[in-house]
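Shown below: final.pdb, with PDB, N, CA and C atoms.
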ATOM      1  N   MET M  83     134.953 148.234 138.479  1.00  0.00           N
ATOM      2  CA  MET M  83     134.877 149.237 139.524  1.00  0.00           C
ATOM      3  C   MET M  83     133.434 149.378 139.970  1.00  0.00           C
ATOM      4  N   GLU M  84     133.246 149.457 141.252  1.00  0.00           N
ATOM      5  CA  GLU M  84     131.918 149.621 141.835  1.00  0.00           C
ATOM      6  C   GLU M  84     131.686 151.095 142.138  1.00  0.00           C
ATOM      7  N   ILE M  85     130.562 151.620 141.687  1.00  0.00           N
ATOM      8  CA  ILE M  85     130.202 153.013 141.937  1.00  0.00           C
ATOM      9  C   ILE M  85     129.681 153.156 143.362  1.00  0.00           C
ATOM     10  N   ASN M  86     130.197 154.144 144.085  1.00  0.00           N
ATOM     11  CA  ASN M  86     129.704 154.473 145.415  1.00  0.00           C
ATOM     12  C   ASN M  86     128.430 155.289 145.234  1.00  0.00           C
ATOM     13  N   ARG M  87     127.307 154.729 145.563  1.00  0.00           N
ATOM     14  CA  ARG M  87     126.009 155.377 145.338  1.00  0.00           C
ATOM     15  C   ARG M  87     125.765 156.584 146.244  1.00  0.00           C
ATOM     16  N   ALA M  88     126.592 156.754 147.269  1.00  0.00           N
ATOM     17  CA  ALA M  88     126.431 157.891 148.174  1.00  0.00           C
ATOM     18  C   ALA M  88     127.136 159.143 147.664  1.00  0.00           C
ATOM     19  N   GLU M  89     127.977 158.988 146.642  1.00  0.00           N
ATOM     20  CA  GLU M  89     128.736 160.095 146.072  1.00  0.00           C
ATOM     21  C   GLU M  89     128.231 160.380 144.664  1.00  0.00           C
ATOM     22  N   PRO M  90     128.490 161.587 144.125  1.00  0.00           N
ATOM     23  CA  PRO M  90     128.131 161.870 142.729  1.00  0.00           C
ATOM     24  C   PRO M  90     128.794 160.850 141.800  1.00  0.00           C
ATOM     25  N   HIS M  91     128.054 160.391 140.819  1.00  0.00           N
ATOM     26  CA  HIS M  91     128.522 159.293 139.975  1.00  0.00           C
ATOM     27  C   HIS M  91     129.509 159.719 138.899  1.00  0.00           C
ATOM     28  N   TRP M  92     129.241 160.874 138.242  1.00  0.00           N
ATOM     29  CA  TRP M  92     130.085 161.236 137.100  1.00  0.00           C
ATOM     30  C   TRP M  92     131.553 161.415 137.460  1.00  0.00           C
ATOM     31  N   PRO M  93     131.911 161.983 138.623  1.00  0.00           N
ATOM     32  CA  PRO M  93     133.342 162.096 138.930  1.00  0.00           C
ATOM     33  C   PRO M  93     134.000 160.720 139.123  1.00  0.00           C
ATOM     34  N   GLN M  94     133.239 159.767 139.602  1.00  0.00           N
ATOM     35  CA  GLN M  94     133.777 158.420 139.796  1.00  0.00           C
ATOM     36  C   GLN M  94     134.051 157.750 138.456  1.00  0.00           C
ATOM     37  N   VAL M  95     133.128 157.914 137.512  1.00  0.00           N
ATOM     38  CA  VAL M  95     133.323 157.356 136.172  1.00  0.00           C
ATOM     39  C   VAL M  95     134.512 158.041 135.505  1.00  0.00           C
ATOM     40  N   ALA M  96     134.581 159.357 135.612  1.00  0.00           N
ATOM     41  CA  ALA M  96     135.700 160.104 135.034  1.00  0.00           C
ATOM     42  C   ALA M  96     137.025 159.651 135.643  1.00  0.00           C
ATOM     43  N   ALA M  97     137.057 159.443 136.941  1.00  0.00           N
ATOM     44  CA  ALA M  97     138.285 159.012 137.612  1.00  0.00           C
ATOM     45  C   ALA M  97     138.728 157.641 137.125  1.00  0.00           C
ATOM     46  N   GLU M  98     137.787 156.745 136.897  1.00  0.00           N
ATOM     47  CA  GLU M  98     138.135 155.408 136.417  1.00  0.00           C
ATOM     48  C   GLU M  98     138.646 155.449 134.985  1.00  0.00           C
ATOM     49  N   VAL M  99     138.022 156.238 134.131  1.00  0.00           N
ATOM     50  CA  VAL M  99     138.502 156.372 132.754  1.00  0.00           C
ATOM     51  C   VAL M  99     139.890 157.011 132.762  1.00  0.00           C
ATOM     52  N   ARG M 100     140.087 158.033 133.597  1.00  0.00           N
ATOM     53  CA  ARG M 100     141.394 158.671 133.729  1.00  0.00           C
ATOM     54  C   ARG M 100     142.439 157.652 134.177  1.00  0.00           C
ATOM     55  N   ARG M 101     142.103 156.828 135.144  1.00  0.00           N
ATOM     56  CA  ARG M 101     143.029 155.798 135.642  1.00  0.00           C
ATOM     57  C   ARG M 101     143.406 154.842 134.508  1.00  0.00           C
ATOM     58  N   ARG M 102     142.435 154.471 133.693  1.00  0.00           N
ATOM     59  CA  ARG M 102     142.696 153.553 132.582  1.00  0.00           C
ATOM     60  C   ARG M 102     143.590 154.191 131.524  1.00  0.00           C
ATOM     61  N   VAL M 103     143.447 155.485 131.327  1.00  0.00           N
ATOM     62  CA  VAL M 103     144.339 156.180 130.392  1.00  0.00           C
ATOM     63  C   VAL M 103     145.753 156.207 130.969  1.00  0.00           C
ATOM     64  N   GLU M 104     145.852 156.540 132.238  1.00  0.00           N
ATOM     65  CA  GLU M 104     147.163 156.661 132.874  1.00  0.00           C
ATOM     66  C   GLU M 104     147.904 155.330 132.959  1.00  0.00           C
ATOM     67  N   ASN M 105     147.168 154.227 133.130  1.00  0.00           N
ATOM     68  CA  ASN M 105     147.857 152.931 133.235  1.00  0.00           C
ATOM     69  C   ASN M 105     148.011 152.228 131.891  1.00  0.00           C
ATOM     70  N   GLY M 106     147.560 152.875 130.809  1.00  0.00           N
ATOM     71  CA  GLY M 106     147.778 152.325 129.477  1.00  0.00           C
ATOM     72  C   GLY M 106     146.696 151.411 128.955  1.00  0.00           C
ATOM     73  N   THR M 107     145.636 151.222 129.719  1.00  0.00           N
ATOM     74  CA  THR M 107     144.524 150.409 129.222  1.00  0.00           C
ATOM     75  C   THR M 107     143.936 151.061 127.974  1.00  0.00           C
ATOM     76  N   TYR M 108     143.777 152.379 128.012  1.00  0.00           N
ATOM     77  CA  TYR M 108     143.379 153.161 126.843  1.00  0.00           C
ATOM     78  C   TYR M 108     144.604 153.962 126.426  1.00  0.00           C
ATOM     79  N   ARG M 109     145.031 153.797 125.184  1.00  0.00           N
ATOM     80  CA  ARG M 109     146.257 154.444 124.697  1.00  0.00           C
ATOM     81  C   ARG M 109     145.951 155.679 123.855  1.00  0.00           C
ATOM     82  N   ALA M 110     146.938 156.537 123.714  1.00  0.00           N
ATOM     83  CA  ALA M 110     146.796 157.767 122.920  1.00  0.00           C
ATOM     84  C   ALA M 110     146.284 157.438 121.519  1.00  0.00           C
ATOM     85  N   GLY M 111     145.265 158.176 121.106  1.00  0.00           N
ATOM     86  CA  GLY M 111     144.669 157.987 119.792  1.00  0.00           C
ATOM     87  C   GLY M 111     143.596 156.925 119.742  1.00  0.00           C
ATOM     88  N   GLU M 112     143.452 156.162 120.801  1.00  0.00           N
ATOM     89  CA  GLU M 112     142.455 155.088 120.849  1.00  0.00           C
ATOM     90  C   GLU M 112     141.063 155.645 121.125  1.00  0.00           C
ATOM     91  N   ARG M 113     140.080 155.084 120.452  1.00  0.00           N
ATOM     92  CA  ARG M 113     138.691 155.488 120.678  1.00  0.00           C
ATOM     93  C   ARG M 113     138.217 154.888 121.993  1.00  0.00           C
ATOM     94  N   LEU M 114     137.582 155.731 122.800  1.00  0.00           N
ATOM     95  CA  LEU M 114     137.033 155.281 124.077  1.00  0.00           C
ATOM     96  C   LEU M 114     135.665 154.644 123.871  1.00  0.00           C
ATOM     97  N   PRO M 115     135.232 153.815 124.825  1.00  0.00           N
ATOM     98  CA  PRO M 115     133.860 153.328 124.760  1.00  0.00           C
ATOM     99  C   PRO M 115     132.896 154.511 124.779  1.00  0.00           C
ATOM    100  N   GLY M 116     131.793 154.387 124.099  1.00  0.00           N
ATOM    101  CA  GLY M 116     130.800 155.455 124.050  1.00  0.00           C
ATOM    102  C   GLY M 116     130.000 155.558 125.339  1.00  0.00           C
ATOM    103  N   THR M 117     129.126 156.523 125.370  1.00  0.00           N
ATOM    104  CA  THR M 117     128.334 156.755 126.571  1.00  0.00           C
ATOM    105  C   THR M 117     127.428 155.578 126.895  1.00  0.00           C
ATOM    106  N   VAL M 118     126.884 154.914 125.877  1.00  0.00           N
ATOM    107  CA  VAL M 118     126.011 153.756 126.127  1.00  0.00           C
ATOM    108  C   VAL M 118     126.811 152.644 126.798  1.00  0.00           C
ATOM    109  N   ALA M 119     128.002 152.365 126.271  1.00  0.00           N
ATOM    110  CA  ALA M 119     128.840 151.302 126.839  1.00  0.00           C
ATOM    111  C   ALA M 119     129.306 151.643 128.254  1.00  0.00           C
ATOM    112  N   LEU M 120     129.730 152.883 128.462  1.00  0.00           N
ATOM    113  CA  LEU M 120     130.167 153.281 129.807  1.00  0.00           C
ATOM    114  C   LEU M 120     129.009 153.238 130.796  1.00  0.00           C
ATOM    115  N   ALA M 121     127.854 153.699 130.366  1.00  0.00           N
ATOM    116  CA  ALA M 121     126.680 153.675 131.244  1.00  0.00           C
ATOM    117  C   ALA M 121     126.354 152.250 131.660  1.00  0.00           C
ATOM    118  N   ALA M 122     126.421 151.330 130.708  1.00  0.00           N
ATOM    119  CA  ALA M 122     126.130 149.928 131.023  1.00  0.00           C
ATOM    120  C   ALA M 122     127.197 149.336 131.945  1.00  0.00           C
ATOM    121  N   GLU M 123     128.456 149.629 131.664  1.00  0.00           N
ATOM    122  CA  GLU M 123     129.543 149.079 132.481  1.00  0.00           C
ATOM    123  C   GLU M 123     129.463 149.530 133.935  1.00  0.00           C
ATOM    124  N   PHE M 124     129.167 150.813 134.143  1.00  0.00           N
ATOM    125  CA  PHE M 124     129.156 151.362 135.498  1.00  0.00           C
ATOM    126  C   PHE M 124     127.764 151.427 136.120  1.00  0.00           C
ATOM    127  N   ASN M 125     126.769 150.980 135.360  1.00  0.00           N
ATOM    128  CA  ASN M 125     125.388 150.985 135.840  1.00  0.00           C
ATOM    129  C   ASN M 125     124.944 152.392 136.251  1.00  0.00           C
ATOM    130  N   VAL M 126     125.192 153.338 135.336  1.00  0.00           N
ATOM    131  CA  VAL M 126     124.784 154.729 135.528  1.00  0.00           C
ATOM    132  C   VAL M 126     124.003 155.158 134.288  1.00  0.00           C
ATOM    133  N   SER M 127     123.435 156.346 134.316  1.00  0.00           N
ATOM    134  CA  SER M 127     122.690 156.849 133.157  1.00  0.00           C
ATOM    135  C   SER M 127     123.659 157.289 132.057  1.00  0.00           C
ATOM    136  N   GLN M 128     123.140 157.383 130.856  1.00  0.00           N
ATOM    137  CA  GLN M 128     123.955 157.862 129.737  1.00  0.00           C
ATOM    138  C   GLN M 128     124.376 159.307 129.951  1.00  0.00           C
ATOM    139  N   SER M 129     123.510 160.096 130.571  1.00  0.00           N
ATOM    140  CA  SER M 129     123.880 161.495 130.821  1.00  0.00           C
ATOM    141  C   SER M 129     125.033 161.582 131.817  1.00  0.00           C
ATOM    142  N   THR M 130     125.086 160.662 132.772  1.00  0.00           N
ATOM    143  CA  THR M 130     126.199 160.620 133.722  1.00  0.00           C
ATOM    144  C   THR M 130     127.492 160.273 132.998  1.00  0.00           C
ATOM    145  N   ALA M 131     127.446 159.282 132.127  1.00  0.00           N
ATOM    146  CA  ALA M 131     128.625 158.902 131.351  1.00  0.00           C
ATOM    147  C   ALA M 131     129.063 160.048 130.445  1.00  0.00           C
ATOM    148  N   SER M 132     128.101 160.723 129.845  1.00  0.00           N
ATOM    149  CA  SER M 132     128.403 161.856 128.975  1.00  0.00           C
ATOM    150  C   SER M 132     129.071 162.979 129.757  1.00  0.00           C
ATOM    151  N   ARG M 133     128.571 163.252 130.945  1.00  0.00           N
ATOM    152  CA  ARG M 133     129.155 164.303 131.780  1.00  0.00           C
ATOM    153  C   ARG M 133     130.587 163.942 132.188  1.00  0.00           C
ATOM    154  N   ALA M 134     130.829 162.664 132.474  1.00  0.00           N
ATOM    155  CA  ALA M 134     132.180 162.216 132.821  1.00  0.00           C
ATOM    156  C   ALA M 134     133.135 162.447 131.657  1.00  0.00           C
ATOM    157  N   LEU M 135     132.714 162.068 130.443  1.00  0.00           N
ATOM    158  CA  LEU M 135     133.561 162.268 129.276  1.00  0.00           C
ATOM    159  C   LEU M 135     133.768 163.751 128.984  1.00  0.00           C
ATOM    160  N   ALA M 136     132.730 164.552 129.174  1.00  0.00           N
ATOM    161  CA  ALA M 136     132.856 165.997 128.958  1.00  0.00           C
ATOM    162  C   ALA M 136     133.864 166.611 129.930  1.00  0.00           C
ATOM    163  N   SER M 137     133.885 166.126 131.158  1.00  0.00           N
ATOM    164  CA  SER M 137     134.849 166.660 132.134  1.00  0.00           C
ATOM    165  C   SER M 137     136.275 166.288 131.739  1.00  0.00           C
ATOM    166  N   LEU M 138     136.460 165.077 131.205  1.00  0.00           N
ATOM    167  CA  LEU M 138     137.787 164.666 130.753  1.00  0.00           C
ATOM    168  C   LEU M 138     138.211 165.464 129.522  1.00  0.00           C
ATOM    169  N   ARG M 139     137.244 165.806 128.695  1.00  0.00           N
ATOM    170  CA  ARG M 139     137.534 166.655 127.532  1.00  0.00           C
ATOM    171  C   ARG M 139     137.983 168.037 127.998  1.00  0.00           C
ATOM    172  N   ALA M 140     137.296 168.591 128.985  1.00  0.00           N
ATOM    173  CA  ALA M 140     137.653 169.904 129.512  1.00  0.00           C
ATOM    174  C   ALA M 140     139.066 169.906 130.101  1.00  0.00           C
ATOM    175  N   GLU M 141     139.497 168.776 130.630  1.00  0.00           N
ATOM    176  CA  GLU M 141     140.854 168.641 131.173  1.00  0.00           C
ATOM    177  C   GLU M 141     141.895 168.468 130.071  1.00  0.00           C
ATOM    178  N   GLY M 142     141.449 168.170 128.858  1.00  0.00           N
ATOM    179  CA  GLY M 142     142.374 167.940 127.760  1.00  0.00           C
ATOM    180  C   GLY M 142     142.865 166.506 127.667  1.00  0.00           C
ATOM    181  N   LEU M 143     142.274 165.602 128.445  1.00  0.00           N
ATOM    182  CA  LEU M 143     142.693 164.204 128.437  1.00  0.00           C
ATOM    183  C   LEU M 143     142.126 163.452 127.233  1.00  0.00           C
ATOM    184  N   VAL M 144     140.960 163.876 126.771  1.00  0.00           N
ATOM    185  CA  VAL M 144     140.328 163.260 125.608  1.00  0.00           C
ATOM    186  C   VAL M 144     139.869 164.353 124.655  1.00  0.00           C
ATOM    187  N   TYR M 145     139.605 163.961 123.415  1.00  0.00           N
ATOM    188  CA  TYR M 145     139.059 164.895 122.442  1.00  0.00           C
ATOM    189  C   TYR M 145     137.948 164.202 121.675  1.00  0.00           C
ATOM    190  N   VAL M 146     137.132 164.987 120.994  1.00  0.00           N
ATOM    191  CA  VAL M 146     135.992 164.471 120.260  1.00  0.00           C
ATOM    192  C   VAL M 146     136.234 164.604 118.771  1.00  0.00           C
ATOM    193  N   VAL M 147     135.897 163.549 118.053  1.00  0.00           N
ATOM    194  CA  VAL M 147     135.834 163.607 116.598  1.00  0.00           C
ATOM    195  C   VAL M 147     134.345 163.547 116.280  1.00  0.00           C
ATOM    196  N   SER M 148     133.841 164.614 115.704  1.00  0.00           N
ATOM    197  CA  SER M 148     132.410 164.736 115.456  1.00  0.00           C
ATOM    198  C   SER M 148     131.867 163.522 114.698  1.00  0.00           C
ATOM    199  N   GLY M 149     130.832 162.930 115.264  1.00  0.00           N
ATOM    200  CA  GLY M 149     130.187 161.779 114.649  1.00  0.00           C
ATOM    201  C   GLY M 149     130.916 160.466 114.846  1.00  0.00           C
ATOM    202  N   ARG M 150     132.064 160.505 115.515  1.00  0.00           N
ATOM    203  CA  ARG M 150     132.863 159.290 115.700  1.00  0.00           C
ATOM    204  C   ARG M 150     133.050 158.901 117.161  1.00  0.00           C
ATOM    205  N   GLY M 151     133.140 159.891 118.048  1.00  0.00           N
ATOM    206  CA  GLY M 151     133.286 159.577 119.467  1.00  0.00           C
ATOM    207  C   GLY M 151     134.444 160.282 120.131  1.00  0.00           C
ATOM    208  N   TYR M 152     134.752 159.786 121.324  1.00  0.00           N
ATOM    209  CA  TYR M 152     135.834 160.333 122.148  1.00  0.00           C
ATOM    210  C   TYR M 152     137.101 159.512 121.950  1.00  0.00           C
ATOM    211  N   TYR M 153     138.230 160.207 121.910  1.00  0.00           N
ATOM    212  CA  TYR M 153     139.539 159.568 121.731  1.00  0.00           C
ATOM    213  C   TYR M 153     140.502 160.081 122.792  1.00  0.00           C
ATOM    214  N   VAL M 154     141.469 159.252 123.143  1.00  0.00           N
ATOM    215  CA  VAL M 154     142.489 159.644 124.112  1.00  0.00           C
ATOM    216  C   VAL M 154     143.450 160.620 123.453  1.00  0.00           C
ATOM    217  N   ALA M 155     143.698 161.738 124.131  1.00  0.00           N
ATOM    218  CA  ALA M 155     144.616 162.769 123.597  1.00  0.00           C
ATOM    219  C   ALA M 155     146.055 162.315 123.690  1.00  0.00           C
TER     220      ALA M 155
END
If you took the structure in this file and wrote it as structure tokens, what would it be?
Amino acid sequence: MEINRAEPHWPQVAAEVRRRVENGTYRAGERLPGTVALAAEFNVSQSTASRALASLRAEGLVYVVSGRGYYVA
């Protein structure tokens, strides 16, 4: 996925991760790529990737296991 540089980046990253969860690329209970990996994949900052994951957590789509990462709910 190509990031539209004219729009805020974190919602685009969140939308792509959400799409991957919905289409089964990431399955329930599966650990998601970390912020470093997402940042590299989408060519965004780690804080942008972190904000995207935090927004998905707020929606209840993912959860955090302390010290382990984000997982699909």
Quick one: everything within 12 Å of Tyr153 (chain M), counting only C-alpha atoms, minus sequence neighbours fewer than 5 positions away in the same chain. Send it as an MDAnalysis selection string. chainID M and resid 99 103 108:116 135:136 138:139 142:148
Might I get the box with edges along x, y and z of the file that holds all atoms of region 84-92 of chain M listed there, padded by 8 Å on every side, given as centre and edge lengths in Å to one decimal, as JSON?
{"center_x": 129.5, "center_y": 155.7, "center_z": 142.6, "size_x": 23.5, "size_y": 28.4, "size_z": 27.1}
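Omitting Ala121 (chain M) and its sequence neighbours fewer than 6 positions away, and counting only C-alpha atoms, the residues within 6 Å are Ser127, Gln128 and Ala131 of chain M.
The residues caught by the PyMOL selection byres ((chain M and resi 85-93) around 7) in this file are Met83, Glu84, Gln94, Val95, Ala96, Ala97, Glu98, Phe124, Thr130, Ala131, Arg133 and Ala134 of chain M.
Those residues of chain M that DSSP, working from the backbone, places in strand (DSSP E or B) are Arg113, Val144, Tyr145, Val146, Val147, Gly151, Tyr152, Tyr153 and Val154 of chain M.
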When you write region 125-136 of chain M out from the block above, keep all heavy atoms and present the result as a short mmCIF file (atom, residue, chain, number, x, y, z; two decimals), in the first residue's frame, please.
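Saved the output as result_32.cif:
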data_model
loop_
_atom_site.label_atom_id
_atom_site.label_comp_id
_atom_site.auth_asym_id
_atom_site.auth_seq_id
_atom_site.Cartn_x
_atom_site.Cartn_y
_atom_site.Cartn_z
N ASN M 125 6.91 3.24 5.28
CA ASN M 125 7.80 4.40 5.15
C ASN M 125 7.26 5.60 5.93
O ASN M 125 7.13 6.71 5.40
CB ASN M 125 8.04 4.74 3.68
CG ASN M 125 9.21 5.68 3.51
OD1 ASN M 125 10.15 5.68 4.32
ND2 ASN M 125 9.18 6.49 2.47
N VAL M 126 6.92 5.34 7.20
CA VAL M 126 6.45 6.38 8.11
C VAL M 126 7.29 6.29 9.38
O VAL M 126 8.08 5.38 9.55
CB VAL M 126 4.94 6.20 8.44
CG1 VAL M 126 4.09 6.37 7.19
CG2 VAL M 126 4.66 4.87 9.12
N SER M 127 7.11 7.23 10.28
CA SER M 127 7.85 7.21 11.55
C SER M 127 7.27 6.14 12.48
O SER M 127 6.13 5.71 12.33
CB SER M 127 7.78 8.58 12.23
OG SER M 127 6.47 8.82 12.70
N GLN M 128 8.07 5.76 13.45
CA GLN M 128 7.60 4.79 14.45
C GLN M 128 6.45 5.36 15.26
O GLN M 128 5.54 4.63 15.65
CB GLN M 128 8.75 4.36 15.36
CG GLN M 128 9.75 3.48 14.66
CD GLN M 128 10.88 3.06 15.58
OE1 GLN M 128 10.68 2.88 16.78
NE2 GLN M 128 12.06 2.91 15.03
N SER M 129 6.49 6.66 15.52
CA SER M 129 5.39 7.26 16.28
C SER M 129 4.09 7.22 15.49
O SER M 129 3.01 7.04 16.06
CB SER M 129 5.73 8.69 16.71
OG SER M 129 5.88 9.53 15.60
N THR M 130 4.17 7.33 14.17
CA THR M 130 2.98 7.22 13.32
C THR M 130 2.42 5.81 13.39
O THR M 130 1.21 5.60 13.55
CB THR M 130 3.32 7.59 11.86
OG1 THR M 130 3.68 8.97 11.82
CG2 THR M 130 2.15 7.35 10.93
N ALA M 131 3.29 4.81 13.30
CA ALA M 131 2.86 3.42 13.40
C ALA M 131 2.26 3.14 14.77
O ALA M 131 1.23 2.46 14.88
CB ALA M 131 4.04 2.49 13.12
N SER M 132 2.88 3.68 15.80
CA SER M 132 2.38 3.50 17.16
C SER M 132 1.00 4.12 17.32
O SER M 132 0.10 3.52 17.94
CB SER M 132 3.36 4.12 18.15
OG SER M 132 2.90 3.98 19.46
N ARG M 133 0.81 5.30 16.77
CA ARG M 133 -0.50 5.96 16.85
C ARG M 133 -1.57 5.16 16.10
O ARG M 133 -2.72 5.06 16.56
CB ARG M 133 -0.40 7.38 16.29
CG ARG M 133 -1.65 8.19 16.50
CD ARG M 133 -1.42 9.64 16.22
NE ARG M 133 -2.67 10.37 16.41
CZ ARG M 133 -2.87 11.60 16.02
NH1 ARG M 133 -1.89 12.28 15.47
NH2 ARG M 133 -4.03 12.20 16.20
N ALA M 134 -1.20 4.57 14.97
CA ALA M 134 -2.14 3.74 14.21
C ALA M 134 -2.57 2.54 15.04
O ALA M 134 -3.77 2.23 15.13
CB ALA M 134 -1.51 3.29 12.90
N LEU M 135 -1.61 1.86 15.68
CA LEU M 135 -1.94 0.71 16.50
C LEU M 135 -2.76 1.11 17.72
O LEU M 135 -3.69 0.41 18.12
CB LEU M 135 -0.66 -0.02 16.92
CG LEU M 135 0.06 -0.76 15.81
CD1 LEU M 135 1.40 -1.30 16.30
CD2 LEU M 135 -0.79 -1.89 15.25
N ALA M 136 -2.44 2.26 18.31
CA ALA M 136 -3.20 2.74 19.46
C ALA M 136 -4.65 3.02 19.08
O ALA M 136 -5.57 2.74 19.87
CB ALA M 136 -2.54 4.00 20.04
#
